[in-house]
Structures are given as structure tokens and as C-alpha cells.
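What follows is a short report on a single structure.
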Amino acid sequence: MICIKRLFTAFLMLSGKVALSQDVPDLSDIKYPYQVNRIYVPIEQKSVKLAYMDVVPLLPNGKTVLLLHGKNFNGYYWKNIIPFFTDSGYRVVVPDQIGFGESYKPDIHYSFHQMASNTKSMLDSLKINSVIVLGHSMGGMLAVRFALMYPNFVSKLILENPIGLEDYKTFVPYIPLDSLLKEELKVTYESYKKYQQSYYPEWKPEYEDYVKAQSIPLTKPGFSQVAWANALTYQMIYEQPIVYELGNITAKTLLLIGQADRTIVGKNHLSKESADVHGQYTLLGKKLKEQIKNSELIELEGVGHIPHIQVPDSFKLYVSHFLYK
């Protein structure tokens, strides 16, 4: 019944009989580990709410870490990493990008340039003039764009299994937005879990927490808006590659690459033969190091797409070494 209702909603949206709202109410019931703040940013003649956590350490060292989340997540999944930084004196700022988590999901043209600009506006409002940027998955693509747009603002860069190391539109079939929306409206808790299971070589019960966090909007009246934002941000990743500009990064960079990762955006639209050729992070990590001249590559054997969740101790160890160099 739920899927039928969603498909009917999709029909109404695509036929223009249901308009997408500009401002979307908060959809998440998950309890963020720290206070969620808000700032309004102007986008396409709209005032759009950007949510973020700003965690100040007891003994500040004067440095700030910016954590950028992946597409199927929001700032919540950094909950066990934030104390690692604050205990060492780092201020930690964790935005939910527009279209994700506690932030609004407006009907706009989504772009990494716009996300980077929104993030810079947030940091400016906090009087922060330099950051260490850590981006995971889609957040890695955003971190690259941010570092390219604001090179003097980024003191160091950490890329954790970033996507976008291949130009997906060169081998993944194009899917029209209307079709993407229909796919997003058909998702279930089980389909979210199945996809997240692909992030790890071995599934553990504690990973279920992140499936629950992703699936909460499924039960909300505004889910159609979330589905539309998900379709638009898929299109953003597909159409806005960063792979050709990696050589322009000047910041000292740490590459943390789980070697068991096989993530490909749009993988479900590929043949098995094509999927086997792409998403090979054992090769992509090495190529990434060649492209970013001032970089250090850490290859994590037996680790999938999310090292900071799967192997947090190793993650913290390598990040600590990098930050203190």
C-alpha cells in the first residue's frame, strides 16, 4: 500500500498537480549527539535553512575540523568521531548539507559549488577563518570542491573513501529525473539496509543504527520531498565530476582508502561485467595519490566504504599522525 501511495504521489508531482514546497519541515527523529544550530542561506530567491553542529572543546587548540557527510547519511554518523577531535582540542563543525538531515530539502538546482558556498557562509558566520576538512563519500567530492574554491581557507584535507574518482556519466546509463524520483519513492527499510550492507565486508548489528537514521523519513508525510532531493543530488553527483580537477588541489592531503570498497554511484544500472571493471578502490586510491601531488595514501586492507565506522581505532590513529605532522 505504501508503494502504491508513493507512486501515486510521484504521478501527481510529475503531472504538476502537487507542487513541491520550498521549505520542508524537519523530518528526522534521531537524537543528534550535540545541539543542532541553524543558519539561513539565500538560494535561488529562497531563504533555506542549513543545520549544523558546532562542538567546542574544553581545551581549545585554536584549530577547527569540518566534517562533510556522504549522500546516504547526515552529520549524525560522525557521532563517535567528534569526541576524538574535541578531546584533542579541535573545534568541530558538522553541517547537514541542504537536502539532507535536519536541513531543508528545497526544489533547487543542487551543485557542489553551491554546497561549498553554503558551507563557507556558515563558517564565516562562526568567525572561523581556517579549517581542516574531512570528507567521506559524497562529502569527499564536496571537500575537493571546497578546497578548490577556497584554497587559502583549507589548512589540511582528509579524503575518506571519496566517490567521484571516476566520471560516472562515461559508463553509467543516464536516468531521467522522473525515473529517479520513481525509484526513490519505492525505497523501503529493507532496500536501505541492503545497500548499506554493501559498504562493509561483514555486517555487524551496530551498523543497524545508521540504517534506522536513514530510514526515518520513510514514515513522514514529507517523504516525497526527501525523495525528490535524493533524486536531484544523485543527478548532481552524476553530472558534476571532480576527477578531472584533483591535480589542482594544493592542500596537504591524507587519503584513507578502504581496499574492500566497491562503491559505484548507479551500480544497479550496470551490467555485472561493467560493475566488475569500475569501483576498484585498490586502483582508484593509487591513482588519486598520483593526481594529488602533496598527498599521503593509507590503504586499509579488508575495510569497506566507511573506515570511520568499521575500523574507528585505525581511522583515528592515521588521522592523528597526519594532523601532528
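Labels for the C-alpha cells follow display order: chains A, B, ..., residues from 1 in each chain, ligands from 1.
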Output as CSV one row per residue of stretch 134-231 of chain A within 10 Å of stretch 62-67 of chain A: the closest atom pair and its distance in Å to one decimal place, counting only C-alpha atoms, sorted by chain and residue number ascending.
residue,atom,partner,partner_atom,distance
A:Leu134,CA,A:Leu67,CA,5.1
A:Gly135,CA,A:Leu67,CA,6.0
A:His136,CA,A:Leu67,CA,8.2
A:Gly139,CA,A:Leu67,CA,8.1
A:Gly140,CA,A:Leu67,CA,9.8
A:Ala143,CA,A:Leu67,CA,9.0
A:Val154,CA,A:Leu66,CA,9.7
A:Ser155,CA,A:Lys63,CA,9.5
A:Lys156,CA,A:Val65,CA,9.4
A:Leu157,CA,A:Leu66,CA,9.7
A:Ile158,CA,A:Leu67,CA,9.6
Write the residues of the preceding selection, restricted to N, CA and C atoms, as a PDB file, in the first residue's frame.
ATOM      1  N   LEU A 134      37.541  17.215   6.436  1.00  0.00           N
ATOM      2  CA  LEU A 134      37.443  15.761   6.307  1.00  0.00           C
ATOM      3  C   LEU A 134      36.140  15.437   5.595  1.00  0.00           C
ATOM      4  N   GLY A 135      36.256  14.842   4.399  1.00  0.00           N
ATOM      5  CA  GLY A 135      35.067  14.493   3.637  1.00  0.00           C
ATOM      6  C   GLY A 135      35.025  13.011   3.328  1.00  0.00           C
ATOM      7  N   HIS A 136      33.853  12.417   3.549  1.00  0.00           N
ATOM      8  CA  HIS A 136      33.660  10.988   3.273  1.00  0.00           C
ATOM      9  C   HIS A 136      32.651  10.807   2.144  1.00  0.00           C
ATOM     10  N   GLY A 139      30.741  13.459   0.527  1.00  0.00           N
ATOM     11  CA  GLY A 139      31.418  14.537   1.245  1.00  0.00           C
ATOM     12  C   GLY A 139      32.846  14.721   0.776  1.00  0.00           C
ATOM     13  N   GLY A 140      33.449  13.654   0.228  1.00  0.00           N
ATOM     14  CA  GLY A 140      34.775  13.774  -0.355  1.00  0.00           C
ATOM     15  C   GLY A 140      34.744  14.615  -1.620  1.00  0.00           C
ATOM     16  N   ALA A 143      34.357  18.084  -0.401  1.00  0.00           N
ATOM     17  CA  ALA A 143      35.616  18.549   0.192  1.00  0.00           C
ATOM     18  C   ALA A 143      36.599  18.993  -0.894  1.00  0.00           C
ATOM     19  N   VAL A 154      41.708  26.254   3.582  1.00  0.00           N
ATOM     20  CA  VAL A 154      41.867  24.849   3.961  1.00  0.00           C
ATOM     21  C   VAL A 154      43.319  24.587   4.342  1.00  0.00           C
ATOM     22  N   SER A 155      43.558  24.318   5.618  1.00  0.00           N
ATOM     23  CA  SER A 155      44.933  24.068   6.074  1.00  0.00           C
ATOM     24  C   SER A 155      45.383  22.647   5.752  1.00  0.00           C
ATOM     25  N   LYS A 156      44.454  21.685   5.884  1.00  0.00           N
ATOM     26  CA  LYS A 156      44.728  20.293   5.529  1.00  0.00           C
ATOM     27  C   LYS A 156      43.439  19.663   5.025  1.00  0.00           C
ATOM     28  N   LEU A 157      43.602  18.594   4.232  1.00  0.00           N
ATOM     29  CA  LEU A 157      42.452  17.919   3.626  1.00  0.00           C
ATOM     30  C   LEU A 157      42.566  16.418   3.869  1.00  0.00           C
ATOM     31  N   ILE A 158      41.455  15.811   4.301  1.00  0.00           N
ATOM     32  CA  ILE A 158      41.397  14.356   4.503  1.00  0.00           C
ATOM     33  C   ILE A 158      40.237  13.820   3.664  1.00  0.00           C
TER      34      ILE A 158
END
Stretch 38-97 of chain A near stretch 298-311 of chain A within 10 Å: what's each residue's closest atom pair and its distance in Å to one decimal, counting only C-alpha atoms, ordered by chain then ascending residue number, as CSV?
residue,atom,partner,partner_atom,distance
A:Gly70,CA,A:Ile306,CA,9.7
A:Tyr77,CA,A:Ile309,CA,8.3
A:Trp78,CA,A:His308,CA,8.2
A:Lys79,CA,A:Ile309,CA,9.9
A:Asn80,CA,A:Ile309,CA,8.2
A:Ile81,CA,A:His308,CA,7.3
Show which residues sit within 9 Å of stretch 144-148 of chain A, as a PyMOL selection string. Count only C-alpha atoms, and ignore same-chain residues fewer than 5 positions away. chain A and resi 112-113+115-117+119-120+133+135+139+153-154+157+159+242+245-246+248-251
Of the listed residues A:Leu255, A:Leu58, A:Ile108, A:Leu232, that which approaches A:Lys289 most closely, counting only C-alpha atoms: A:Leu255
Return as a ChimeraX atom specification the full set of residues in stretch 83-317 of chain A whose backbone-based DSSP assignment is helix (DSSP H, G or I). /A:83-86,112-125,138-149,168-170,177-185,189-197,205-219,223-239,243-248,267-269,272-277,281-291,307-310,312-317
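Using only C-alpha atoms, the contacts of A:Val36 at a cut-off of 9 Å, with sequence neighbours closer than 2 positions omitted, comprise Tyr32, Pro33, Tyr34, Arg38, Ala51, Tyr52, Met53, Asp54 and Glu102 of chain A.
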